[in-house]
Structures are given as structure tokens and as C-alpha cells.
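Below: run-v2.cif (mmCIF, C-alpha atoms)
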data_entry
loop_
_atom_site.group_PDB
_atom_site.id
_atom_site.type_symbol
_atom_site.label_atom_id
_atom_site.label_comp_id
_atom_site.auth_asym_id
_atom_site.auth_seq_id
_atom_site.Cartn_x
_atom_site.Cartn_y
_atom_site.Cartn_z
ATOM 1 C CA MET A 1 6.722 -27.170 13.092
ATOM 2 C CA ASP A 2 5.724 -27.490 9.439
ATOM 3 C CA PRO A 3 6.877 -24.412 7.431
ATOM 4 C CA MET A 4 3.693 -24.481 5.345
ATOM 5 C CA LYS A 5 1.599 -24.001 8.487
ATOM 6 C CA LEU A 6 3.662 -20.945 9.399
ATOM 7 C CA VAL A 7 3.298 -19.493 5.923
ATOM 8 C CA SER A 8 -0.423 -20.174 6.033
ATOM 9 C CA LYS A 9 -0.698 -18.563 9.476
ATOM 10 C CA ARG A 10 1.244 -15.551 8.209
ATOM 11 C CA ASN A 11 -1.066 -15.265 5.226
ATOM 12 C CA ILE A 12 -4.158 -15.339 7.423
ATOM 13 C CA LEU A 13 -2.713 -12.741 9.798
ATOM 14 C CA PHE A 14 -1.728 -10.545 6.878
ATOM 15 C CA ILE A 15 -5.219 -10.834 5.384
ATOM 16 C CA PHE A 16 -6.718 -9.680 8.704
ATOM 17 C CA PHE A 17 -4.182 -6.860 8.847
ATOM 18 C CA SER A 18 -5.109 -5.840 5.293
ATOM 19 C CA ALA A 19 -8.812 -5.898 6.200
ATOM 20 C CA LEU A 20 -8.035 -3.613 9.134
ATOM 21 C CA GLY A 21 -6.247 -1.303 6.706
ATOM 22 C CA LEU A 22 -9.297 -1.277 4.446
ATOM 23 C CA LEU A 23 -11.430 -0.231 7.406
ATOM 24 C CA ILE A 24 -9.036 2.518 8.483
ATOM 25 C CA PHE A 25 -8.348 3.889 4.995
ATOM 26 C CA HIS A 26 -11.696 3.156 3.312
ATOM 27 C CA THR A 27 -12.465 6.773 2.408
ATOM 28 C CA PRO A 28 -9.250 7.578 0.480
ATOM 29 C CA LEU A 29 -9.185 4.134 -1.122
ATOM 30 C CA ARG A 30 -12.769 4.556 -2.283
ATOM 31 C CA GLU A 31 -11.810 7.927 -3.766
ATOM 32 C CA VAL A 32 -8.871 6.330 -5.613
ATOM 33 C CA VAL A 33 -11.243 3.789 -7.163
ATOM 34 C CA ARG A 34 -13.550 6.639 -8.207
ATOM 35 C CA LEU A 35 -10.609 8.499 -9.758
ATOM 36 C CA ALA A 36 -9.469 5.387 -11.601
ATOM 37 C CA LEU A 37 -12.940 4.814 -13.023
ATOM 38 C CA TYR A 38 -13.749 8.376 -14.055
ATOM 39 C CA GLU A 39 -10.470 10.243 -14.680
ATOM 40 C CA ARG A 40 -8.382 9.260 -17.692
ATOM 41 C CA PHE A 41 -5.043 10.162 -16.095
ATOM 42 C CA TYR A 42 -5.701 7.674 -13.307
ATOM 43 C CA ALA A 43 -7.119 4.753 -15.302
ATOM 44 C CA HIS A 44 -3.942 2.741 -14.719
ATOM 45 C CA MET A 45 -4.705 2.549 -10.994
ATOM 46 C CA MET A 46 -7.226 -0.239 -11.488
ATOM 47 C CA LEU A 47 -4.526 -2.493 -12.967
ATOM 48 C CA VAL A 48 -1.744 -1.763 -10.480
ATOM 49 C CA PRO A 49 -2.892 -4.029 -7.607
ATOM 50 C CA PHE A 50 -3.503 -6.927 -10.010
ATOM 51 C CA VAL A 51 -0.067 -6.578 -11.623
ATOM 52 C CA SER A 52 1.524 -6.322 -8.190
ATOM 53 C CA ALA A 53 -0.391 -9.378 -6.936
ATOM 54 C CA TYR A 54 0.696 -11.373 -9.979
ATOM 55 C CA LEU A 55 4.339 -10.406 -9.480
ATOM 56 C CA LEU A 56 4.068 -11.374 -5.800
ATOM 57 C CA PHE A 57 2.495 -14.671 -6.825
ATOM 58 C CA LEU A 58 5.503 -15.389 -9.045
ATOM 59 C CA LYS A 59 7.830 -14.819 -6.077
ATOM 60 C CA ARG A 60 5.672 -16.623 -3.497
ATOM 61 C CA ARG A 61 8.115 -19.496 -2.920
ATOM 62 C CA GLU A 62 11.070 -17.190 -2.389
ATOM 63 C CA ILE A 63 9.023 -14.967 -0.098
ATOM 64 C CA GLY A 64 7.737 -17.961 1.855
ATOM 65 C CA SER A 65 11.209 -19.434 2.263
ATOM 66 C CA GLN A 66 12.525 -16.168 3.749
ATOM 67 C CA ALA A 67 9.436 -15.308 5.798
ATOM 68 C CA ASP A 68 10.143 -14.309 9.362
ATOM 69 C CA TYR A 69 8.302 -11.951 11.684
ATOM 70 C CA SER A 70 9.883 -8.517 11.946
ATOM 71 C CA PHE A 71 7.971 -6.880 14.762
ATOM 72 C CA LYS A 72 10.052 -3.758 15.269
ATOM 73 C CA ALA A 73 10.312 -2.632 11.631
ATOM 74 C CA GLY A 74 6.754 -3.662 10.768
ATOM 75 C CA ILE A 75 5.132 -1.956 13.729
ATOM 76 C CA ILE A 76 7.168 1.220 13.205
ATOM 77 C CA LEU A 77 6.144 1.452 9.537
ATOM 78 C CA SER A 78 2.496 0.738 10.336
ATOM 79 C CA ILE A 79 2.436 3.366 13.082
ATOM 80 C CA ILE A 80 4.059 5.909 10.743
ATOM 81 C CA GLY A 81 1.301 5.206 8.202
ATOM 82 C CA ILE A 82 -1.455 5.645 10.774
ATOM 83 C CA LEU A 83 0.117 8.779 12.303
ATOM 84 C CA LEU A 84 0.614 10.371 8.893
ATOM 85 C CA PHE A 85 -3.031 9.693 8.064
ATOM 86 C CA TRP A 86 -4.239 10.914 11.458
ATOM 87 C CA VAL A 87 -2.208 14.142 11.388
ATOM 88 C CA GLU A 88 -3.346 14.878 7.848
ATOM 89 C CA GLU A 89 -6.992 14.147 8.678
ATOM 90 C CA LYS A 90 -7.041 16.189 11.902
ATOM 91 C CA ASN A 91 -4.912 19.154 10.878
ATOM 92 C CA GLY A 92 -5.457 19.191 7.151
ATOM 93 C CA LEU A 93 -1.887 20.521 6.814
ATOM 94 C CA GLY A 94 -3.273 23.206 4.514
ATOM 95 C CA LEU A 95 -3.179 20.896 1.503
ATOM 96 C CA SER A 96 -5.389 20.978 -1.546
ATOM 97 C CA GLN A 97 -7.926 18.186 -2.002
ATOM 98 C CA SER A 98 -5.711 16.308 -4.483
ATOM 99 C CA SER A 99 -2.667 16.596 -2.207
ATOM 100 C CA HIS A 100 -4.815 15.477 0.712
ATOM 101 C CA LEU A 101 -5.822 12.350 -1.212
ATOM 102 C CA SER A 102 -2.237 11.644 -2.273
ATOM 103 C CA LEU A 103 -1.005 11.858 1.307
ATOM 104 C CA ALA A 104 -3.875 9.704 2.589
ATOM 105 C CA VAL A 105 -3.188 6.987 -0.007
ATOM 106 C CA LEU A 106 0.552 7.186 0.679
ATOM 107 C CA SER A 107 -0.135 6.679 4.385
ATOM 108 C CA ALA A 108 -2.279 3.620 3.547
ATOM 109 C CA PHE A 109 0.604 2.300 1.427
ATOM 110 C CA ILE A 110 3.092 2.780 4.289
ATOM 111 C CA PHE A 111 0.694 1.076 6.713
ATOM 112 C CA TRP A 112 0.260 -1.894 4.389
ATOM 113 C CA ILE A 113 4.009 -2.216 3.709
ATOM 114 C CA GLY A 114 4.480 -2.170 7.471
ATOM 115 C CA GLY A 115 2.071 -5.082 7.731
ATOM 116 C CA PHE A 116 3.967 -7.007 5.090
ATOM 117 C CA VAL A 117 7.255 -6.434 6.921
ATOM 118 C CA LEU A 118 5.623 -7.338 10.234
ATOM 119 C CA PHE A 119 4.321 -10.708 9.049
ATOM 120 C CA TYR A 120 6.914 -11.671 6.402
ATOM 121 C CA GLY A 121 10.046 -9.838 7.508
ATOM 122 C CA VAL A 122 12.679 -7.610 6.001
ATOM 123 C CA LYS A 123 14.313 -10.389 3.922
ATOM 124 C CA ALA A 124 10.979 -11.229 2.319
ATOM 125 C CA PHE A 125 10.377 -7.521 1.711
ATOM 126 C CA ASN A 126 13.715 -7.279 -0.097
ATOM 127 C CA ILE A 127 12.664 -10.176 -2.336
ATOM 128 C CA ALA A 128 9.254 -8.627 -2.962
ATOM 129 C CA ALA A 129 10.463 -5.008 -3.155
ATOM 130 C CA PHE A 130 9.586 -4.393 -6.818
ATOM 131 C CA PRO A 131 6.027 -5.799 -6.701
ATOM 132 C CA LEU A 132 5.350 -4.004 -3.418
ATOM 133 C CA LEU A 133 6.852 -0.681 -4.443
ATOM 134 C CA PHE A 134 4.995 -0.942 -7.753
ATOM 135 C CA LEU A 135 1.907 -0.217 -5.645
ATOM 136 C CA LEU A 136 3.152 3.371 -5.358
ATOM 137 C CA PHE A 137 1.543 3.876 -8.768
ATOM 138 C CA MET A 138 -1.733 3.771 -6.826
ATOM 139 C CA VAL A 139 -0.846 7.079 -5.159
ATOM 140 C CA PRO A 140 -2.462 9.844 -7.207
ATOM 141 C CA ILE A 141 -0.146 12.615 -8.336
ATOM 142 C CA PRO A 142 -1.329 15.902 -6.783
ATOM 143 C CA GLU A 143 -2.910 18.288 -9.250
ATOM 144 C CA GLU A 144 -0.336 20.997 -8.451
ATOM 145 C CA LEU A 145 2.483 18.647 -9.436
ATOM 146 C CA TRP A 146 0.691 17.669 -12.666
ATOM 147 C CA LYS A 147 0.448 21.337 -13.603
ATOM 148 C CA ARG A 148 4.116 21.990 -12.880
ATOM 149 C CA LEU A 149 5.276 18.937 -14.800
ATOM 150 C CA PHE A 150 3.048 19.112 -17.864
ATOM 151 C CA THR A 151 2.314 22.785 -18.481
ATOM 152 C CA SER A 152 4.729 25.543 -19.254
#

Could you spell out this file's structure in C-alpha cells?
Amino acid sequence: MDPMKLVSKRNILFIFFSALGLLIFHTPLREVVRLALYERFYAHMMLVPFVSAYLLFLKRREIGSQADYSFKAGIILSIIGILLFWVEEKNGLGLSQSSHLSLAVLSAFIFWIGGFVLFYGVKAFNIAAFPLLFLLFMVPIPEELWKRLFTS
């Protein structure tokens, strides 16, 4: 089988997986976009996915050459992301609104990383670790943590 067809198939599956993630996590992701547009401390968030995508683009050949499905690790990470989001949404965990948003976005990040590992594998994740983990800058810092870090 032609490796380019497999990479293409992986890309299509990952795009569908990402679209599913957008459906599941649309509310917190929409709130992150609002924060990035209207709050100066979060303005960087609009650039993060583009920088990450560019860095992934630079490593596309390496990622493609090491791509292999990793069902166990990918499904486990994706389920952890969904469960974290579900528990937080249902129970609230007694968190403030900013902590709630941070946890919801972190769960979306874990879900999406799980999808990457599922469709591209652990070796490809290791190659793409920096661009993927760079996306953590999309997780808003909870207001309580801001106050502890930057006020005396």
C-alpha cells in the first residue's frame, strides 16, 4: 500500500476527530476565543494554534514517516479528556468560573492530543511534542493563580 495514501487517510480521520472535538468542546473553546479577543492577558491565544500548526508543518515529513496507529494510548487519552470535561461539567468541582474554563480547555487539549496519538502514534507524537505541547498556551491561567503569582 502506498504510504502517502495512509498518511492522507490518517489526516482525514484526524480532521473528523478534530471536528468531533470542536462539537464536544465548542462552549469552552468559544469562550477562549472571546478571552483572546477582549482580554489583554490572553491576546497571545489567537496566535498559538497558528504557530503550532506552522511548527507541525515543518515536521510533517518526519511525522508522516513515523505515523502508526496507536489505539490503546490514543483512546485512553481521549477518554480521559472527555471524562475530565464531563465530571467538571456535571459536578462543577466547586471551581471558580476561570478555573472551570481552564479545566474545560485542558480537557479539550487532552482529548485532541489523544486523537493525534490515536491516528499518528506515539513515535510521531514524540517528534511533534514541542508543537503539540505548545498548544498548552491556549489554556487560560485561572484568575486565582494570576493573583497569587503577580500580586503580593

Applied to this file, what does the PyMOL selection byres ((chain A and resi 109) around 12) return in terms of residues, put as an NGL selection string? :A and (18 or 21-22 or 24-25 or 28-29 or 49 or 77-82 or 84-85 or 102-108 or 110-116 or 132-140)

Those same residues, written as a PDB file, in the frame of the given file with C-alpha atoms?
ATOM      1  CA  SER A  18      -5.109  -5.840   5.293  1.00  0.00           C
ATOM      2  CA  GLY A  21      -6.247  -1.303   6.706  1.00  0.00           C
ATOM      3  CA  LEU A  22      -9.297  -1.277   4.446  1.00  0.00           C
ATOM      4  CA  ILE A  24      -9.036   2.518   8.483  1.00  0.00           C
ATOM      5  CA  PHE A  25      -8.348   3.889   4.995  1.00  0.00           C
ATOM      6  CA  PRO A  28      -9.250   7.578   0.480  1.00  0.00           C
ATOM      7  CA  LEU A  29      -9.185   4.134  -1.122  1.00  0.00           C
ATOM      8  CA  PRO A  49      -2.892  -4.029  -7.607  1.00  0.00           C
ATOM      9  CA  LEU A  77       6.144   1.452   9.537  1.00  0.00           C
ATOM     10  CA  SER A  78       2.496   0.738  10.336  1.00  0.00           C
ATOM     11  CA  ILE A  79       2.436   3.366  13.082  1.00  0.00           C
ATOM     12  CA  ILE A  80       4.059   5.909  10.743  1.00  0.00           C
ATOM     13  CA  GLY A  81       1.301   5.206   8.202  1.00  0.00           C
ATOM     14  CA  ILE A  82      -1.455   5.645  10.774  1.00  0.00           C
ATOM     15  CA  LEU A  84       0.614  10.371   8.893  1.00  0.00           C
ATOM     16  CA  PHE A  85      -3.031   9.693   8.064  1.00  0.00           C
ATOM     17  CA  SER A 102      -2.237  11.644  -2.273  1.00  0.00           C
ATOM     18  CA  LEU A 103      -1.005  11.858   1.307  1.00  0.00           C
ATOM     19  CA  ALA A 104      -3.875   9.704   2.589  1.00  0.00           C
ATOM     20  CA  VAL A 105      -3.188   6.987  -0.007  1.00  0.00           C
ATOM     21  CA  LEU A 106       0.552   7.186   0.679  1.00  0.00           C
ATOM     22  CA  SER A 107      -0.135   6.679   4.385  1.00  0.00           C
ATOM     23  CA  ALA A 108      -2.279   3.620   3.547  1.00  0.00           C
ATOM     24  CA  ILE A 110       3.092   2.780   4.289  1.00  0.00           C
ATOM     25  CA  PHE A 111       0.694   1.076   6.713  1.00  0.00           C
ATOM     26  CA  TRP A 112       0.260  -1.894   4.389  1.00  0.00           C
ATOM     27  CA  ILE A 113       4.009  -2.216   3.709  1.00  0.00           C
ATOM     28  CA  GLY A 114       4.480  -2.170   7.471  1.00  0.00           C
ATOM     29  CA  GLY A 115       2.071  -5.082   7.731  1.00  0.00           C
ATOM     30  CA  PHE A 116       3.967  -7.007   5.090  1.00  0.00           C
ATOM     31  CA  LEU A 132       5.350  -4.004  -3.418  1.00  0.00           C
ATOM     32  CA  LEU A 133       6.852  -0.681  -4.443  1.00  0.00           C
ATOM     33  CA  PHE A 134       4.995  -0.942  -7.753  1.00  0.00           C
ATOM     34  CA  LEU A 135       1.907  -0.217  -5.645  1.00  0.00           C
ATOM     35  CA  LEU A 136       3.152   3.371  -5.358  1.00  0.00           C
ATOM     36  CA  PHE A 137       1.543   3.876  -8.768  1.00  0.00           C
ATOM     37  CA  MET A 138      -1.733   3.771  -6.826  1.00  0.00           C
ATOM     38  CA  VAL A 139      -0.846   7.079  -5.159  1.00  0.00           C
ATOM     39  CA  PRO A 140      -2.462   9.844  -7.207  1.00  0.00           C
TER      40      PRO A 140
END

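Matched in the shown structure by the PyMOL selection byres ((chain A and resi 47) around 12): Val33, Ala36, Leu37, Tyr42, Ala43, His44, Met45, Met46, Val48, Pro49, Phe50, Val51, Ser52, Ala53, Tyr54, Phe134, Leu135, Phe137 and Met138 of chain A.
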
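Of the residues under consideration (A:Leu95, A:Ile76, A:Ile15, A:Leu55), A:Ile76 shows the shortest atom-to-atom contact distance to A:Val117 when counting only C-alpha atoms.
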
Computed interatomic separation between atom CA of A:Pro142 and atom CA of A:Gln97 (Å): 8.5 Å

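Across the model, the gap from atom CA of A:Phe16 to atom CA of A:Asn126 is 22.4 Å.
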
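Proximity to A:Ile63 was assessed for A:Phe150, A:Pro131, A:Tyr38, A:Ile141 counting all atoms listed in the file; the smallest distance is recorded for A:Pro131.
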
For A:Glu89, the nearest of the candidates A:Leu145, A:Phe125, A:Thr27, A:Gly64, counting all atoms listed in the file: A:Thr27

To one decimal place, how far is atom CA of A:Leu101 from atom CA of A:Ala19 in Å? 19.9 Å

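For the residues A:Lys59, A:Asp68, A:Phe14, A:Ser96, ranking by smallest atom-to-atom distance to A:Ala129 using all atoms listed in the file places A:Lys59 first.
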
With all atoms of stretch 120-131 of chain A from the file as input, state the centre and edge lengths in Å to one decimal of the axis-aligned box that has 4 Å extra on each side, as lines of an AutoDock Vina configuration file.
center_x = 10.2
center_y = -8.0
center_z = 0.3
size_x = 16.3
size_y = 15.3
size_z = 22.3
